[in-house]
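Notes for the one structure printed next.
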Amino acid sequence: MSFDLVLFGGTGDLAWRKLMPALFQAFRHGTLREGGRIIGVGRDNLNHEQYRSLIQSRFDHVELEKRPTAEEFERFAALLEFLPMDLSKPGDYVHLAETLQARKAQTIVMYVATAPALFTTVCEQLAAHGLNTPNTRVVLEKPLGHDLASNCAINHTVRRFFEERQIFRIDHYLGKPAVQNLFALRFGNALFEPLWRREHIANIQISIAEELGVESRGSFYEHTGALRDMVQNHALQLLCAIGMEPPINAHADAIRDEKLKVLRSLKPWTPESLVQDVIRGQYGSGTSLGSKVPAYREELGVNPTSNTETFVALRTEIANWRWAGVPFYIRTGKRLAGREATIVINFRPTPHAIFNSHVDVSNKLVIYLQPRDGLELHLLAQGPNTRGARTTNQTLAPVQLDLDFETRFGSERVGAYERLLLDVMDDRLNLFVRSDEQEEAWRWVEPIINHWANDTQGPRHYAAGTWGPSASSAMIARDGFCWSEEA
Ligand code: BG6
């Protein structure tokens, strides 16, 4: 089946870092059908050959085993074309229409990896030029808007020209193998389901920590911040995957209906909880990855008096029968002490202690999303110093059942963008976000945005290379818990 993939933002950061490497992997694995076209679109005045050379040079930044050989690149490059376009000029869409109509591919994908301000213009112009045919899919990259109103406006315009079944809203966290594993863990096994509730779980911690700072994206990040960049989408999607009820089947809408219910059940914010349960921070200078690094305010494109948050920690609850009263903590930030995304399910302690043990007698399940992808079940076992021990005075020791998916499945695993791009081609919406989910997530974060806009205190300082402001530890300590690395 032939395809045309039009990549708006074809010379942008996302195209280099994620999309082209993912498309190449799919091509290498034989899952991207040959005979298709990948048409990069951008303002630069490049011809096909110049675009191909540019992309080839960018592969130098990709991990060695994911780089194409010269022969592989030559075959991959045969798919690549470039179309110079100014997306705000209606006349430029005429060339696009001619290019696509000359081919009449069976599947047409419009991947809009541009600033969100252009989403509506692009969709309007595609429709005005007859490019919203039934076999066209439109892929929208986050952030979809900067608040509820702008998100609704984008969704409204896009839906005027495309049906919901044609709209693929990307949250690349849903494409990560570990997140799919989470669905498998919960709904493919009977083991955890009886325990997956308030009676057995004390608290849940979702952490997405990055070591990197804002890199070259300072001016983008200034208008985004960690709440819009990571919490509204990635972290809430993880929370949904943990908190949702088992869907009636594995179809996209069955899954999305359940995620939506979680978002609708999130405890509403109050003036008190906005102060006590949401911590924002901004990194100062410090040491990261062994080198001295500048403060956020010294980064390129950043206002030297900026109040943009590079760290958020918050506490919420899902107000329903399964979860009432169980704190869900979310934490994400740049320039933290490590690159680590984990979900920690802390189970309640045993109801009665018969061992004279000094170790914490609570079990926990750690789901590692990255850099490793695995599961660790923390248990207590009889420790090694048992000779002569009395039964009432046994030495318990923490042990872990450890499952590393990379070791288990190795090279067969497909990366997040590769998975999602193939799903778009195959019309599978399971791992994409529906408009009502997205709107609900904005509805929930908006009180935080409004509160911060009127809060003169600004973000709290933390040194680069640490785990964020101390207020984040104080917040969780109020409930009698601590972040997993502090345990
Ligand atoms: C993106 C954010 O959505 O996710 C970035 O815009 C962030 O700021 C990135 O660095 C993190 O993705 P990953 O897959 O590297 O954890």
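Identifiers in the structure tokens: chain A, B, ... in order shown; residue index from 1 per chain; ligand index from 1 in order shown.
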Test item: residues lying within 10 Å of ligand 1 with only C-alpha atoms and all ligand atoms, as number ranges by chain: A: 14, 18, 141-143, 170-173, 175-176, 208-215, 217, 220-221, 224-226, 228-231, 233-234, 310, 332-334, 339-341, 369-371, 415-417
Now that the selection is made, can you save its residues with C-alpha atoms as a PDB file, in the first residue's frame?
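Generated file (again10.pdb):
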```pdb
ATOM      1  CA  LEU A  14      11.773  17.029  16.325  1.00  0.00           C
ATOM      2  CA  LYS A  18      13.075  11.762  16.762  1.00  0.00           C
ATOM      3  CA  GLU A 141       2.414  17.066  18.079  1.00  0.00           C
ATOM      4  CA  LYS A 142       2.091  18.368  21.594  1.00  0.00           C
ATOM      5  CA  PRO A 143       1.700  20.978  22.988  1.00  0.00           C
ATOM      6  CA  ILE A 170       0.738  12.312  19.815  1.00  0.00           C
ATOM      7  CA  ASP A 171       1.900  11.803  23.344  1.00  0.00           C
ATOM      8  CA  HIS A 172       5.093   9.903  22.700  1.00  0.00           C
ATOM      9  CA  TYR A 173       5.099   8.480  26.239  1.00  0.00           C
ATOM     10  CA  GLY A 175       4.480   4.753  22.514  1.00  0.00           C
ATOM     11  CA  LYS A 176       7.213   3.789  24.967  1.00  0.00           C
ATOM     12  CA  ILE A 208      10.048  11.796  35.155  1.00  0.00           C
ATOM     13  CA  ALA A 209      13.472  13.218  35.833  1.00  0.00           C
ATOM     14  CA  GLU A 210      15.823  14.581  33.201  1.00  0.00           C
ATOM     15  CA  GLU A 211      19.486  15.453  33.575  1.00  0.00           C
ATOM     16  CA  LEU A 212      19.520  17.739  30.581  1.00  0.00           C
ATOM     17  CA  GLY A 213      18.544  21.389  30.779  1.00  0.00           C
ATOM     18  CA  VAL A 214      16.512  23.171  28.129  1.00  0.00           C
ATOM     19  CA  GLU A 215      19.339  22.861  25.577  1.00  0.00           C
ATOM     20  CA  ARG A 217      14.877  25.134  23.215  1.00  0.00           C
ATOM     21  CA  PHE A 220      10.128  27.545  23.312  1.00  0.00           C
ATOM     22  CA  TYR A 221      10.407  26.491  26.929  1.00  0.00           C
ATOM     23  CA  THR A 224       5.787  26.274  28.063  1.00  0.00           C
ATOM     24  CA  GLY A 225       7.405  25.327  31.369  1.00  0.00           C
ATOM     25  CA  ALA A 226       7.350  21.905  32.994  1.00  0.00           C
ATOM     26  CA  ARG A 228       2.544  22.291  30.153  1.00  0.00           C
ATOM     27  CA  ASP A 229       5.520  20.408  28.716  1.00  0.00           C
ATOM     28  CA  MET A 230       5.373  17.283  30.880  1.00  0.00           C
ATOM     29  CA  VAL A 231       2.558  17.209  33.434  1.00  0.00           C
ATOM     30  CA  ASN A 233       0.336  15.295  28.918  1.00  0.00           C
ATOM     31  CA  HIS A 234       3.016  12.685  29.694  1.00  0.00           C
ATOM     32  CA  THR A 310      11.629  23.773  35.160  1.00  0.00           C
ATOM     33  CA  THR A 332       9.151  16.063  36.823  1.00  0.00           C
ATOM     34  CA  GLY A 333      12.019  18.383  36.146  1.00  0.00           C
ATOM     35  CA  LYS A 334      15.026  19.298  34.090  1.00  0.00           C
ATOM     36  CA  ARG A 339      17.685  10.659  34.004  1.00  0.00           C
ATOM     37  CA  GLU A 340      15.037   8.368  35.272  1.00  0.00           C
ATOM     38  CA  ALA A 341      11.358   7.809  34.656  1.00  0.00           C
ATOM     39  CA  LEU A 369      10.228   3.446  32.035  1.00  0.00           C
ATOM     40  CA  GLN A 370      13.693   4.740  31.204  1.00  0.00           C
ATOM     41  CA  PRO A 371      16.586   4.583  30.757  1.00  0.00           C
ATOM     42  CA  GLY A 415      11.025   2.702  19.938  1.00  0.00           C
ATOM     43  CA  ALA A 416       8.211   5.118  20.846  1.00  0.00           C
ATOM     44  CA  TYR A 417       8.132   7.241  17.690  1.00  0.00           C
TER      45      TYR A 417
END
```
Shell of 7 Å around Ala464 (chain A), only C-alpha atoms, local chain residues under 4 positions omitted, as a tab-separated table (two decimals) with N, CA, C and O atoms, in the first residue's frame:
```tsv
chain	number	residue	atom	x	y	z
A	283	TYR	N	15.79	25.65	37.99
A	283	TYR	CA	17.17	25.28	38.34
A	283	TYR	C	18.10	26.49	38.29
A	283	TYR	O	17.99	27.36	37.43
A	284	GLY	N	18.98	26.50	39.30
A	284	GLY	CA	20.09	27.45	39.29
A	284	GLY	C	21.29	26.73	38.72
A	284	GLY	O	21.19	25.60	38.24
A	285	SER	N	22.45	27.37	38.78
A	285	SER	CA	23.65	26.72	38.26
A	285	SER	C	24.00	25.53	39.16
A	285	SER	O	23.49	25.44	40.28
A	286	GLY	N	24.84	24.68	38.69
A	286	GLY	CA	25.21	23.51	39.49
A	286	GLY	C	26.07	22.57	38.67
A	286	GLY	O	26.67	22.98	37.67
A	287	THR	N	26.08	21.31	39.06
A	287	THR	CA	26.88	20.33	38.36
A	287	THR	C	25.96	19.25	37.83
A	287	THR	O	25.17	18.68	38.56
A	288	SER	N	26.09	19.01	36.54
A	288	SER	CA	25.26	17.96	35.95
A	288	SER	C	26.13	17.16	34.99
A	288	SER	O	26.93	17.74	34.25
A	335	ARG	N	17.37	19.14	34.61
A	335	ARG	CA	18.60	19.29	35.40
A	335	ARG	C	18.45	18.67	36.80
A	335	ARG	O	18.85	19.28	37.80
A	336	LEU	N	17.88	17.50	36.83
A	336	LEU	CA	17.79	16.80	38.12
A	336	LEU	C	18.99	15.87	38.27
A	336	LEU	O	19.86	15.81	37.39
```
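Note that CA of Ser207 (chain A) and CA of Met475 (chain A) are 14.7 Å apart.
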Exercise: Asn135 (chain A) partners within 9 Å, only C-alpha atoms, chain neighbours under 4 positions left out, as a PDB file with all heavy atoms, in the first residue's frame:
```pdb
ATOM      1  N   ALA A 105      -1.384   8.538  -3.468  1.00  0.00           N
ATOM      2  CA  ALA A 105      -1.043   7.422  -2.574  1.00  0.00           C
ATOM      3  C   ALA A 105      -2.280   6.956  -1.811  1.00  0.00           C
ATOM      4  O   ALA A 105      -3.197   7.738  -1.577  1.00  0.00           O
ATOM      5  CB  ALA A 105       0.023   7.890  -1.575  1.00  0.00           C
ATOM      6  N   GLN A 106      -2.268   5.682  -1.422  1.00  0.00           N
ATOM      7  CA  GLN A 106      -3.451   5.160  -0.713  1.00  0.00           C
ATOM      8  C   GLN A 106      -3.552   5.717   0.710  1.00  0.00           C
ATOM      9  O   GLN A 106      -4.630   5.868   1.243  1.00  0.00           O
ATOM     10  CB  GLN A 106      -3.404   3.634  -0.641  1.00  0.00           C
ATOM     11  CG  GLN A 106      -3.877   3.008  -1.938  1.00  0.00           C
ATOM     12  CD  GLN A 106      -2.979   1.848  -2.321  1.00  0.00           C
ATOM     13  OE1 GLN A 106      -1.756   1.940  -2.252  1.00  0.00           O
ATOM     14  NE2 GLN A 106      -3.597   0.756  -2.712  1.00  0.00           N
ATOM     15  N   THR A 107      -2.394   5.977   1.309  1.00  0.00           N
ATOM     16  CA  THR A 107      -2.389   6.524   2.665  1.00  0.00           C
ATOM     17  C   THR A 107      -1.628   7.846   2.648  1.00  0.00           C
ATOM     18  O   THR A 107      -0.491   7.895   2.171  1.00  0.00           O
ATOM     19  CB  THR A 107      -1.655   5.567   3.627  1.00  0.00           C
ATOM     20  OG1 THR A 107      -2.344   4.320   3.589  1.00  0.00           O
ATOM     21  CG2 THR A 107      -1.635   6.082   5.045  1.00  0.00           C
ATOM     22  N   ILE A 108      -2.260   8.874   3.164  1.00  0.00           N
ATOM     23  CA  ILE A 108      -1.574  10.165   3.234  1.00  0.00           C
ATOM     24  C   ILE A 108      -1.545  10.604   4.695  1.00  0.00           C
ATOM     25  O   ILE A 108      -2.577  10.637   5.366  1.00  0.00           O
ATOM     26  CB  ILE A 108      -2.284  11.228   2.375  1.00  0.00           C
ATOM     27  CG1 ILE A 108      -2.260  10.782   0.911  1.00  0.00           C
ATOM     28  CG2 ILE A 108      -1.613  12.587   2.533  1.00  0.00           C
ATOM     29  CD1 ILE A 108      -3.021  11.671  -0.023  1.00  0.00           C
ATOM     30  N   VAL A 109      -0.345  10.887   5.174  1.00  0.00           N
ATOM     31  CA  VAL A 109      -0.192  11.318   6.566  1.00  0.00           C
ATOM     32  C   VAL A 109       0.333  12.750   6.573  1.00  0.00           C
ATOM     33  O   VAL A 109       1.360  13.035   5.956  1.00  0.00           O
ATOM     34  CB  VAL A 109       0.797  10.392   7.315  1.00  0.00           C
ATOM     35  CG1 VAL A 109       1.009  10.886   8.750  1.00  0.00           C
ATOM     36  CG2 VAL A 109       0.296   8.951   7.326  1.00  0.00           C
ATOM     37  N   GLN A 166      -9.532  10.336  12.054  1.00  0.00           N
ATOM     38  CA  GLN A 166      -8.383  10.714  11.225  1.00  0.00           C
ATOM     39  C   GLN A 166      -7.349  11.518  12.013  1.00  0.00           C
ATOM     40  O   GLN A 166      -6.313  11.884  11.478  1.00  0.00           O
ATOM     41  CB  GLN A 166      -8.858  11.586  10.049  1.00  0.00           C
ATOM     42  CG  GLN A 166      -9.797  10.894   9.086  1.00  0.00           C
ATOM     43  CD  GLN A 166     -10.294  11.867   8.030  1.00  0.00           C
ATOM     44  OE1 GLN A 166     -11.198  12.656   8.274  1.00  0.00           O
ATOM     45  NE2 GLN A 166      -9.672  11.839   6.862  1.00  0.00           N
TER      46      GLN A 166
END
```
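Of the residues listed (A:Asn151, A:Gln205, A:Asn346, A:Ser470), A:Ser470 shows the shortest atom-to-atom separation from Arg280 (chain A); distances use only C-alpha atoms.
Shortest atom-to-atom contact with Met244 (chain A) among A:Ile318, A:Ala117, A:Val293, A:Leu375: A:Ile318, counting only C-alpha atoms.
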Within 8 Å of Val158 (chain A) using only C-alpha atoms, minus same-chain residues under 3 positions, as a PyMOL selection string: chain A and resi 120+123-124+154-155+161-162
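With only C-alpha atoms as the atoms that count, the residue of A:Asp60, A:Glu72, A:Glu446, A:Asp253 with the shortest distance to Leu274 (chain A) is A:Glu446.
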Picked from region 134-298 of chain A by DSSP as alpha helix (DSSP H), as an NGL selection string: :A and (148-161 or 177-187 or 218-222 or 225-226 or 236-243 or 252-265 or 271-276)
Kindly save the residues from that selection, with C-alpha atoms included, as a tab-separated table (two decimals), in the first residue's frame.
```
chain	number	residue	atom	x	y	z
A	148	LEU	CA	-7.98	24.96	27.77
A	149	ALA	CA	-9.39	27.65	25.49
A	150	SER	CA	-6.57	27.43	22.93
A	151	ASN	CA	-6.72	23.63	23.03
A	152	CYS	CA	-10.47	23.64	22.43
A	153	ALA	CA	-10.03	26.13	19.59
A	154	ILE	CA	-7.45	23.88	17.88
A	155	ASN	CA	-9.57	20.76	18.35
A	156	HIS	CA	-12.63	22.57	17.09
A	157	THR	CA	-10.92	23.74	13.89
A	158	VAL	CA	-9.25	20.42	13.19
A	159	ARG	CA	-12.56	18.61	13.62
A	160	ARG	CA	-14.24	20.89	11.11
A	161	PHE	CA	-12.04	19.35	8.44
A	177	PRO	CA	7.51	0.01	25.31
A	178	ALA	CA	7.38	0.36	29.10
A	179	VAL	CA	4.02	2.10	28.96
A	180	GLN	CA	2.57	-0.59	26.75
A	181	ASN	CA	3.98	-3.06	29.23
A	182	LEU	CA	2.07	-1.31	31.93
A	183	PHE	CA	-1.18	-2.09	30.12
A	184	ALA	CA	0.03	-5.67	29.70
A	185	LEU	CA	0.98	-5.91	33.36
A	186	ARG	CA	-2.39	-4.65	34.55
A	187	PHE	CA	-4.77	-6.17	32.04
A	218	GLY	CA	15.04	28.07	25.67
A	219	SER	CA	12.67	30.35	23.80
A	220	PHE	CA	10.13	27.55	23.31
A	221	TYR	CA	10.41	26.49	26.93
A	222	GLU	CA	9.91	30.03	28.21
A	225	GLY	CA	7.40	25.33	31.37
A	226	ALA	CA	7.35	21.90	32.99
A	236	LEU	CA	-1.19	12.53	33.36
A	237	GLN	CA	-1.23	9.82	30.72
A	238	LEU	CA	0.92	7.67	33.01
A	239	LEU	CA	-1.43	8.40	35.88
A	240	CYS	CA	-4.35	7.31	33.71
A	241	ALA	CA	-2.62	4.06	32.77
A	242	ILE	CA	-2.11	3.32	36.46
A	243	GLY	CA	-5.48	4.51	37.70
A	252	ALA	CA	-9.01	2.67	21.11
A	253	ASP	CA	-12.26	4.12	22.39
A	254	ALA	CA	-12.67	1.55	25.15
A	255	ILE	CA	-9.22	2.49	26.45
A	256	ARG	CA	-9.75	6.19	26.00
A	257	ASP	CA	-13.14	6.11	27.74
A	258	GLU	CA	-11.48	4.67	30.84
A	259	LYS	CA	-8.62	7.18	30.78
A	260	LEU	CA	-11.13	9.98	30.47
A	261	LYS	CA	-12.97	8.79	33.58
A	262	VAL	CA	-9.72	9.01	35.55
A	263	LEU	CA	-9.10	12.56	34.40
A	264	ARG	CA	-12.66	13.50	35.32
A	265	SER	CA	-12.18	11.97	38.78
A	271	PRO	CA	-7.04	27.58	47.15
A	272	GLU	CA	-5.33	25.61	49.95
A	273	SER	CA	-4.30	22.60	47.88
A	274	LEU	CA	-2.88	24.85	45.16
A	275	VAL	CA	-0.52	26.28	47.77
A	276	GLN	CA	0.30	23.11	49.68
```
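The two atoms in question, CA of Arg67 (chain A) and CA of Met20 (chain A), are spaced 10.8 Å apart.
All residues of protein, DNA or RNA that reach within 10 Å of Ala381 (chain A), judged by only C-alpha atoms and not counting those fewer than 6 positions away in the chain, are Gln394, Thr395, Leu396, Ala397, Pro398, Val399 and Gln400 of chain A.
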Grab the residues selected above and save them as a PDB file, in the first residue's frame with N, CA, C and O atoms.
```pdb
ATOM      1  N   GLN A 394      13.622 -13.074  63.751  1.00  0.00           N
ATOM      2  CA  GLN A 394      14.253 -13.345  62.467  1.00  0.00           C
ATOM      3  C   GLN A 394      14.783 -12.073  61.838  1.00  0.00           C
ATOM      4  O   GLN A 394      14.256 -10.990  62.071  1.00  0.00           O
ATOM      5  N   THR A 395      15.828 -12.232  61.032  1.00  0.00           N
ATOM      6  CA  THR A 395      16.405 -11.082  60.360  1.00  0.00           C
ATOM      7  C   THR A 395      15.831 -11.000  58.957  1.00  0.00           C
ATOM      8  O   THR A 395      16.122 -11.857  58.125  1.00  0.00           O
ATOM      9  N   LEU A 396      15.030 -10.023  58.741  1.00  0.00           N
ATOM     10  CA  LEU A 396      14.447  -9.891  57.410  1.00  0.00           C
ATOM     11  C   LEU A 396      15.321  -8.986  56.559  1.00  0.00           C
ATOM     12  O   LEU A 396      15.927  -8.041  57.062  1.00  0.00           O
ATOM     13  N   ALA A 397      15.362  -9.288  55.298  1.00  0.00           N
ATOM     14  CA  ALA A 397      16.168  -8.454  54.396  1.00  0.00           C
ATOM     15  C   ALA A 397      15.341  -8.147  53.155  1.00  0.00           C
ATOM     16  O   ALA A 397      14.585  -8.998  52.689  1.00  0.00           O
ATOM     17  N   PRO A 398      15.490  -6.917  52.637  1.00  0.00           N
ATOM     18  CA  PRO A 398      14.763  -6.599  51.406  1.00  0.00           C
ATOM     19  C   PRO A 398      15.399  -7.305  50.212  1.00  0.00           C
ATOM     20  O   PRO A 398      16.628  -7.355  50.096  1.00  0.00           O
ATOM     21  N   VAL A 399      14.576  -7.880  49.359  1.00  0.00           N
ATOM     22  CA  VAL A 399      15.065  -8.512  48.121  1.00  0.00           C
ATOM     23  C   VAL A 399      14.151  -8.066  46.978  1.00  0.00           C
ATOM     24  O   VAL A 399      13.040  -7.603  47.230  1.00  0.00           O
ATOM     25  N   GLN A 400      14.652  -8.217  45.768  1.00  0.00           N
ATOM     26  CA  GLN A 400      13.833  -7.787  44.631  1.00  0.00           C
ATOM     27  C   GLN A 400      13.710  -8.864  43.572  1.00  0.00           C
ATOM     28  O   GLN A 400      14.689  -9.536  43.260  1.00  0.00           O
TER      29      GLN A 400
END
```
Expected answer as a list in words: strand (DSSP E or B) residues in region 133-163 of chain A: Thr136, Arg137, Val138, Val139 and Leu140 of chain A
Among the residues A:Met425, A:Ala78, A:Leu140, A:Ile39, the one that comes closest to Ser2 (chain A) [using only C-alpha atoms]: A:Met425
Exercise: Val62 (chain A) partners within 9 Å, only C-alpha atoms, chain neighbours under 4 positions left out, as an MDAnalysis selection string: chainID A and resid 17 21 58 66:67
8 Å contact set for Ala441 (chain A), only C-alpha atoms, chain neighbours under 2 positions out, as a ChimeraX atom specification: /A:232-233,236,263,437-439,443-445
